[in-house]
Structures are given as C-alpha cells and as structure tokens.
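Asks: Pasting a structure here, questions to come.
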Amino acid sequence: MSAQHTSACETCPAHNVTNLQKLGVNMQSWDYVIALAGNPNTGKSTVFNALTGLRQHTGNWPGKTVTRAEGGFVYSDKRYKIVDLPGTYSLLSTSTDEEVARNFILFGRPDVTVVVADATRLERNLNLILQILEITERAVICLNLMDEAKRHKIEINDRLLAKDLGIPVVPTAARRNEGISELLKAIGDVADGAYECKPHRIKSGSKQLKQALDDLTKQIEQSFPGLTNARWVALRLLEGDPRIIEAVKTGEIATLSAPGAEPEPMAVTV
C-alpha cells in the first residue's frame with residue numbers, strides 16, 4: 001500500500017456520526033455515507049434507483065417538510081448508505097431545499113458527495129459543482145444523460161474535466177444502466193482513500209477581499225482547530241450568510257472540527 005493511500009485512509013471514514021444522527025440518518029451497520037446532489041432534472045432519482053434498487057425508503061428531514069430518500073448498496077464488501085438530497089441549483093441557502101442540501105454536506109460530512117450533472121447542459125451545472133467543491137474534498141461527478149448528449153452530438157472530454165476539477169468524472173446513462181459499475185468504483189475509491197481528490201477552488205477577487213478572507217480564515221482556524229472548511233466558512237461570513245453567522249456564534253460549526261478539539265464559540269460582527 002502506498003504512503004499516499006495510507007495517509008488518505010487515516011481520515012476514513014470522514015462522516016460525522018453525531019450530526020448524521022441529528023439529521024435523521026441512522027448509520028448503524030453502515031461503513032460509508034454518500035450524499036447524492038445535483039440540479040433538478042439531471043436524472044438524479046434515476047441514478048439513485050440504479051445504485052440502490054429496492055433497498056430504499058423515504059421520510060422527512062427533521063423539522064422540515066422536505067422529503068428525504070435513503071437507500072443502500074454493497075460494494076467490495078463495504079456497506080454504503082446513500083442519501084438523496086433535494087435537487088438544487090446552488091448551496092446559498094436561499095430556500096429550504098438549498099439549506100437542507102448544504103447543511104447535510106457541511107455538518108454531516110458525507111464520505112463522498114456524488115454530484116449528478118446533465119451532460120447536455122454541463123455549463124449550467126458547474127455552478128453547483130464548484131460550490132460543493134468549496135465545502136468538501138471528497139466528491140465524484142456523475143456525468144449523466146450521456147446518451148442524450150451523444151444524440152445532440154455533444155462531445156465531452158471527461159478525462160480533461162476530471163483533471164481540471166481534481167475529482168473523478170464518470171460518464172453515465174443511468175436509465176440504461178450504463179456507467180453505473182464505473183460510478184460504484186469511483187465512489188469506493190474516494191471513500192476508502194484510494195483516490196485522493198484535489199478539488200478545484202476558485203481563486204479570484206480583489207487584493208482587499210483576498211486579505212480579508214485570509215485574515216478571517218486564520219481567525220476561524222484558531223477558534224475551531226481542525227476545521228476543514230475554514231475558508232468556505234470565512235467567505236460565507238463575509239457575504240453575510242445568516243445561517244453560517246449563527247452557526248459560528250453558537251459554536252455549532254465546531255462539530256466539523258477534528259476529534260478531541262474543544263473549540264469555543266467565536267464572536268462575529270458582520
């Protein structure tokens with residue numbers, strides 16, 4: 001086993017069991033938890049059904065009227081629980097669906113987030129993909145509806161896309177069950193650390209914004225040691241995101257910190 005693989009596996013699994021339970025997910029007898037995200041009308045439900053078959057059930061998110069679908073599958077002797085998140089165009093928390101999806105990825109820390117993208121409208125889907133990559137390093141793109149893309153003579157270089165995004169990209173046509181086995185392998189490789197993701201992060205903005213972002217990120221890292229999403233949290237604070245401001249003020253954001261850390265709530269003025 002390579003040193004890189006060993007290093008990556010030291011953090012496996014990545015999920016936060018306590019928060020997953022708060023979010024209504026029972027992780028008893030499951031090795032990994034997978035989040036399934038994507039824009040509406042990308043075939044996400046078809047991918048969910050292809051991965052889980054009949055091993056699924058539905059309910060509601062705690063305190064919400066939003067439906068939550070869960071399922072499971074076994075791959076290479078490991079048991080995976082997959083949670084189908086509401087279809088959203090962003091994670092800016094401007095709607096209940098967006099808040100549910102974002103909070104699950106942020107606070108539940110799924111071992112892998114699979115983003116289902118429409119191959120016929122890839123540019124439209126990249127907004128959500130890049131937002132998710134700001135939150136988590138463990139992601140896989142399921143480039144679905146490849147059969148429709150081919151019918152419209154749309155060609156996508158999935159290898160180049162994977163290189164640019166720094167995560168696996170798997171072409172699929174879920175309704176024909178094409179690419180599902182490759183998707184399972186990609187999920188397994190990211191979950192157990194065999195594939196170390198190096199996701200693309202947007203580096204833009206003025207020098208003043210960069211300085212403010214760097215300074216606030218350092219403050220957050222000092223207040224919440226081990227937080228893997230400090231830069232993203234800092235960016236949301238600068239944008240005045242009320243949900244993240246509340247989470248930082250109350251110390252809720254500390255649930256993402258490394259095991260054993262005992263951070264205190266952080267004073268925030270926005």
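Naming works like this for the structure tokens: A, B, ... for the chains as they're shown, residue 1 at the start of each chain, ligands 1 onward in shown order.
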Give me the residues within 8 Å of Ile135 in chain A as an MDAnalysis selection string, counting only C-alpha atoms and dropping any in the same chain fewer than 4 places off.
Replies: chainID A and resid 105:106 131 229 232
Asks: Residues of range 171-269 of chain A classed as helix (DSSP H, G or I) by DSSP on the backbone are to be reported as a VMD selection string.
Replies: chain A and resid 174 to 176 180 to 192 207 to 223 230 to 238 242 to 250 252 to 256
Asks: Can you tell me how far CA of Arg176 in chain A sits from CA of Asn60 in chain A, in Å to one decimal?
Replies: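 Between CA of Arg176 in chain A and CA of Asn60 in chain A the gap works out to 29.4 Å.
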Asks: Quick one: which range 178-232 of chain A residues come within 12 Å of range 111-130 of chain A, and what is the nearest atom pair for each with the distance in Å to one decimal, counting only C-alpha atoms, rows ordered by chain and ascending number, as a Markdown table?
Replies:
| residue | atom | partner | partner_atom | distance |
| --- | --- | --- | --- | --- |
| A:Leu183 | CA | A:Val114 | CA | 9.2 |
| A:Leu184 | CA | A:Val114 | CA | 10.5 |
| A:Ala186 | CA | A:Val114 | CA | 9.7 |
| A:Ile187 | CA | A:Val112 | CA | 6.7 |
| A:Gly188 | CA | A:Val112 | CA | 8.8 |
| A:Asp189 | CA | A:Val112 | CA | 9.7 |
| A:Val190 | CA | A:Val112 | CA | 6.7 |
| A:Ala191 | CA | A:Asp111 | CA | 5.6 |
| A:Asp192 | CA | A:Asp111 | CA | 8.7 |
| A:Gly193 | CA | A:Asp111 | CA | 9.9 |
| A:Tyr195 | CA | A:Val112 | CA | 11.3 |
| A:Glu196 | CA | A:Val112 | CA | 11.6 |
| A:Cys197 | CA | A:Val112 | CA | 10.5 |
| A:Pro199 | CA | A:Leu130 | CA | 8.8 |
| A:His200 | CA | A:Leu130 | CA | 7.6 |
| A:Arg201 | CA | A:Leu130 | CA | 7.3 |
| A:Ile202 | CA | A:Leu130 | CA | 7.9 |
| A:Lys203 | CA | A:Leu130 | CA | 11.7 |
| A:Trp232 | CA | A:Leu130 | CA | 11.7 |
Asks: Considering only C-alpha atoms, return as a VMD selection string whatever protein or nucleic-acid residues lie within 12 Å of Leu85 in chain A, sequence-local ones (same chain, fewer than 3 positions apart) excluded.
Replies: chain A and resid 23 34 to 40 44 to 45 48 58 60 to 61 66 to 71 82 88 to 89 91 96 to 105 110 113 to 116
Asks: When you draw a straight line from CA of Ile180 in chain A to CA of Asn157 in chain A, how long is it in Å?
Replies: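 Between CA of Ile180 in chain A and CA of Asn157 in chain A the gap is 18.4 Å.
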Asks: Once DSSP has gone over the backbone, tell me which residues of range 85-249 of chain A are in strand (DSSP E or B), as a list in words.
Replies: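 Selection result, strand (DSSP E or B) within range 85-249 of chain A: Val112, Thr113, Val114, Val115, Val116, Ala117, Asp118, Ala139, Val140, Ile141, Cys142, Leu143, Asn144, Val169, Val170, Pro171, Ala173 and Glu178 of chain A.
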Asks: Please compute the CA of Thr42 in chain A-CA of Cys142 in chain A distance, one decimal, in Å.
Replies: 9.9 Å
Asks: Rank nothing, just name the residue among A:Arg109, A:Ser93, A:Leu145, A:Phe224 nearest to Ile244 in chain A, using only C-alpha atoms.
Replies: A:Ser93
